[in-house]
2 protein chains.
Amino acid sequence: MPKKLRPNERTHRVYVEGVAMGGGAPCVVQSMLNRPPDDVEANLAQIRELEQAGCEVVRMAIPRRRYLDCFEEVCKKSPLPVVADIHFDAECAIQAARRGASKLRINPGNIGGLEKCNAVIDAARAAKIPIRIGVNAGSLDQKLKDRTDLKLPEKLAQSAEDYTKYFYDHDFEDVVVSVKASDVPCAVAAYRLFSKRMPMVPLHIGITEAGTLFQGLVKSASGLGILLSEGIGDTMRISLTCDPVEEVRAEWTLLSALDLRRRTPEIISCPTCGRCQVNLIDLAQKVESKLQNVHSSAKVAVMGCVVNGPGEAQDADVGVACGDGCGMIFRHGKIIRKVDEDDIVDALMQEIGKLK
Amino acid sequence: MPKKLRPNERTHRVYVEGVAMGGGAPCVVQSMLNRPPDDVEANLAQIRELEQAGCEVVRMAIPRRRYLDCFEEVCKKSPLPVVADIHFDAECAIQAARRGASKLRINPGNIGGLEKCNAVIDAARAAKIPIRIGVNAGSLDQKLKDRTDLKLPEKLAQSAEDYTKYFYDHDFEDVVVSVKASDVPCAVAAYRLFSKRMPMVPLHIGITEAGTLFQGLVKSASGLGILLSEGIGDTMRISLTCDPVEEVRAEWTLLSALDLRRRTPEIISCPTCGRCQVNLIDLAQKVESKLQNVHSSAKVAVMGCVVNGPGEAQDADVGVACGDGCGMIFRHGKIIRKVDEDDIVDALMQEIGKLK
């Protein structure tokens, strides 16, 4: 096996309530609530769903000060740390810090000037919570935007560097930075640049507005995959135009694919070909859905033919190779028993149970 | 924008019928048929579907010699070059070369010994077609498998290197190589190693048995994204336990995400948050599905709010930012008109039409 990827140890460790971020901690899985900002119960219900899926930190937008009551209530009752996401209104950010936010996410460029930014820093310091400096391609400083000597990734990295230094100069180091863009090469280049210039700053990685589930998975997995494989990324959020539970599932799947963290079993399943005699797509999906609630780092194979199946899926802990109307259950490439097609899922789950 | 990725120019160019592979040619999009190997019409129908989705080369498994008649018929009528995928039976590969294959895919390790391998090489030479040497983790040579001094990626790269040299020594250079594994870090490491040792050999990249659509997209996009971003990969196949049309769609989406090749517009859509007042998921999916048949490299934004939408999606050629029951259509961040929610999709398609 290749050298195992390790979490970034160079970055400064911050804490989002009990959740360690940076400084060698495992990459933290986050998502964002999308329920109405004045509906306490709906947001709490979504938080519980996200927690169930493996989410460790949630973010909530507070678009107006009038939603602060709801935010406070959600923070009080939430089983997960809640990050307040605030644009334009420094006072709203200050209140959020005082009323239970576990972290603030602001873009210092649109919070109303440096003086107001200082007030937000002071509020976070008093509340002992970190701040994410969320720079992104869509909301760059006009001054930076107008510079013709810099390309977009350089502008993003420069903006983030300027702000981070500003925070550091104000003796506030519990900073996490993001430099997102919807263009994958641009986001990758911006993160690389920033990480090279300020290697000690923990990074929240993401591709913004990545699109629907299909395109969003491809864009996010490729962009964040490249970054994670280079040791960049202390926390991530995969943004999908989709139920946020899928974001969490995608993040875990990516961390697992890169062998950084594992939560549920990984499925090894062949793409079906002319040799396949069962409905493998259906079978693999059934197994996948059953495995969502199994906490294990096992590898489970669902293979279309007995000829290649057990051999090609040797590194699976347990698997099935399908024949005509039946399945051969195998462990580490060795067939252990034969079952009817209808019993395959149950037999696999039984074998997975025995692994623990 | 960051430096644009360029196709690999170091590799030797081969031709799969009219399709150039390697030597600076754009990364070729492939998929594999999964219809019964004796059903000419079903396979041709699938080829047409795949072609429609943008597939450039298709592969067909020939599990037994008795399917060669069907294979020959498919080759004759196929609008796309057809690759014959053959295991164990050298004679079957030789016949496939004589009966219309545009390329062979074999694993020299399981084709029945070196003498038989030579016969396959001769048949390909006579037919003037290339051969893919398809090494993978599940079917390594026993001798290599048993070596304790090498890790799996090293074994894969070593096996591919040995075979390639063997082919080169037999004056056969129209070779494409793959060193697939279902483990992403392993596959990435194997391709990197091989590419470093034999930089002139065109590579077919892929993650085997990557799983169902969801997991398969994440594993493939991360693994192949890392490779493509390093200039590795002259053709690819994303293996999904799913309709192969989705494989082609995934490949184009990945190439487009990395700005290597574009076919249909890219969607920029936000993940919805508490600010969003329309059913954005539904809207984005409708737009995405309409765009499947639009050949254009435009960027189209579908944003949930008027506050951040046009600004955050400035680099979109055209987009919509949704308000309460309405949508603001914008071009390059500037709002040009307001339409009712029900008219958003049509208005967007109209504006995309004007771009061409």
# chains A, B, ... in the order shown; residues from 1 in each chain; ligands from 1
$ interface_residues --of "chain A" --to "chain B" --cutoff "7 Å" --atoms "only C-alpha atoms" --output "PyMOL selection string"
chain A and resi 1-2+33-37+61+63+137-139+151-153+182+184-186+189+209-212+215+217-219+221-222+225-226+239-242+253-254+257-258+267-275+281+284-285+311-314
$ write_last_selection --atoms "C-alpha atoms" --output "CSV table (one decimal), in the first residue's frame"
chain,number,residue,atom,x,y,z
A,1,MET,CA,0.0,0.0,0.0
A,2,PRO,CA,1.2,3.5,-0.7
A,33,LEU,CA,-28.5,23.9,7.5
A,34,ASN,CA,-31.0,25.0,4.8
A,35,ARG,CA,-34.2,25.1,6.9
A,36,PRO,CA,-36.0,28.5,7.4
A,37,PRO,CA,-33.9,30.6,9.7
A,61,ALA,CA,-26.9,31.3,8.0
A,63,PRO,CA,-29.5,36.5,7.2
A,137,ALA,CA,-14.3,34.4,-5.8
A,138,GLY,CA,-17.7,36.0,-5.8
A,139,SER,CA,-17.1,38.5,-3.0
A,151,LYS,CA,-4.9,36.2,-11.5
A,152,LEU,CA,-8.0,35.1,-9.6
A,153,PRO,CA,-6.3,32.4,-7.4
A,182,SER,CA,-16.7,27.4,-8.2
A,184,VAL,CA,-12.0,23.7,-9.6
A,185,PRO,CA,-8.5,24.6,-11.0
A,186,CYS,CA,-9.0,28.1,-9.6
A,189,ALA,CA,-4.6,26.9,-7.1
A,209,GLU,CA,-21.7,26.4,-6.0
A,210,ALA,CA,-20.5,23.0,-7.2
A,211,GLY,CA,-24.0,22.2,-8.6
A,212,THR,CA,-26.4,19.3,-8.4
A,215,GLN,CA,-21.8,17.4,-11.0
A,217,LEU,CA,-19.8,15.2,-6.4
A,218,VAL,CA,-17.4,15.1,-9.4
A,219,LYS,CA,-16.3,18.7,-9.0
A,221,ALA,CA,-14.2,15.1,-5.2
A,222,SER,CA,-11.7,16.0,-7.8
A,225,GLY,CA,-9.3,15.1,-3.6
A,226,ILE,CA,-6.3,16.9,-5.1
A,239,SER,CA,-21.5,22.0,-1.3
A,240,LEU,CA,-24.3,20.3,-3.2
A,241,THR,CA,-27.6,21.6,-4.5
A,242,CYS,CA,-29.2,18.8,-2.6
A,253,THR,CA,-17.0,8.8,1.1
A,254,LEU,CA,-14.2,11.1,0.0
A,257,ALA,CA,-11.6,6.8,-0.6
A,258,LEU,CA,-8.4,8.6,0.2
A,267,ILE,CA,-18.1,-1.1,-1.4
A,268,ILE,CA,-16.2,-2.7,-4.1
A,269,SER,CA,-18.5,-3.4,-7.0
A,270,CYS,CA,-17.8,-4.1,-10.6
A,271,PRO,CA,-19.4,-2.1,-13.4
A,272,THR,CA,-21.3,-5.1,-14.8
A,273,CYS,CA,-20.4,-6.4,-18.3
A,274,GLY,CA,-21.7,-9.0,-20.7
A,275,ARG,CA,-20.7,-11.7,-18.2
A,281,ILE,CA,-26.9,-2.4,-9.9
A,284,ALA,CA,-25.1,-3.1,-5.0
A,285,GLN,CA,-27.5,-0.3,-4.1
A,311,GLY,CA,-10.0,-12.7,-7.4
A,312,GLU,CA,-10.5,-9.1,-8.3
A,313,ALA,CA,-12.0,-8.3,-4.9
A,314,GLN,CA,-9.3,-10.1,-2.9
$ residues_around --residues "B:Leu348" --least-positions-apart "4" --cutoff "8 Å" --atoms "only C-alpha atoms" --output "NGL selection string"
:B and (318-320 or 329 or 344 or 352)
$ atom_distance --atom1 "atom CA of B:Asp324" --atom2 "atom CA of A:Arg65"
20.0 Å
$ residues_around --residues "B:Pro202" --least-positions-apart "4" --cutoff "7 Å" --atoms "only C-alpha atoms" --output "list in words"
Thr11, His12, Gly22, Val176, Val177 and Asp234 of chain B
$ atom_distance --atom1 "atom CA of A:Ala45" --atom2 "atom CA of A:Thr264"
22.4 Å
$ decode --residues "stretch 285-333 of chain B" --atoms "C-alpha atoms" --output "CSV table (one decimal), in the first residue's frame"
chain,number,residue,atom,x,y,z
B,285,GLN,CA,-32.0,19.6,-11.8
B,286,LYS,CA,-34.4,20.7,-14.5
B,287,VAL,CA,-31.8,23.1,-15.9
B,288,GLU,CA,-29.1,20.4,-15.7
B,289,SER,CA,-31.3,17.9,-17.6
B,290,LYS,CA,-32.1,20.4,-20.3
B,291,LEU,CA,-28.4,21.2,-20.8
B,292,GLN,CA,-27.5,17.6,-21.4
B,293,ASN,CA,-28.1,18.1,-25.1
B,294,VAL,CA,-26.7,21.6,-25.4
B,295,HIS,CA,-23.2,21.5,-26.8
B,296,SER,CA,-21.5,24.6,-25.5
B,297,SER,CA,-18.8,25.5,-23.0
B,298,ALA,CA,-20.9,28.1,-21.3
B,299,LYS,CA,-21.2,28.4,-17.5
B,300,VAL,CA,-24.8,28.6,-16.3
B,301,ALA,CA,-25.7,29.7,-12.8
B,302,VAL,CA,-28.7,28.7,-10.8
B,303,MET,CA,-28.6,30.7,-7.5
B,304,GLY,CA,-30.9,30.8,-4.6
B,305,CYS,CA,-30.9,34.5,-3.7
B,306,VAL,CA,-30.7,37.8,-5.3
B,307,VAL,CA,-28.4,39.2,-2.5
B,308,ASN,CA,-25.4,37.0,-3.3
B,309,GLY,CA,-26.4,35.2,-6.4
B,310,PRO,CA,-25.3,37.5,-9.3
B,311,GLY,CA,-22.1,38.5,-7.5
B,312,GLU,CA,-21.1,35.0,-6.5
B,313,ALA,CA,-21.8,33.7,-10.0
B,314,GLN,CA,-20.1,36.5,-11.9
B,315,ASP,CA,-18.0,34.2,-14.0
B,316,ALA,CA,-21.2,32.5,-15.3
B,317,ASP,CA,-22.1,33.5,-18.8
B,318,VAL,CA,-25.7,33.5,-17.9
B,319,GLY,CA,-27.7,32.7,-14.8
B,320,VAL,CA,-30.7,33.2,-12.6
B,321,ALA,CA,-30.9,34.5,-9.0
B,322,CYS,CA,-34.2,33.5,-7.4
B,323,GLY,CA,-36.4,35.7,-5.3
B,324,ASP,CA,-39.8,35.0,-3.8
B,325,GLY,CA,-41.7,33.5,-6.8
B,326,CYS,CA,-39.5,35.1,-9.4
B,327,GLY,CA,-36.1,35.0,-11.0
B,328,MET,CA,-33.6,37.6,-12.0
B,329,ILE,CA,-31.9,36.6,-15.2
B,330,PHE,CA,-28.3,37.9,-15.4
B,331,ARG,CA,-25.4,37.8,-17.7
B,332,HIS,CA,-21.9,38.1,-16.2
B,333,GLY,CA,-23.2,39.3,-12.9
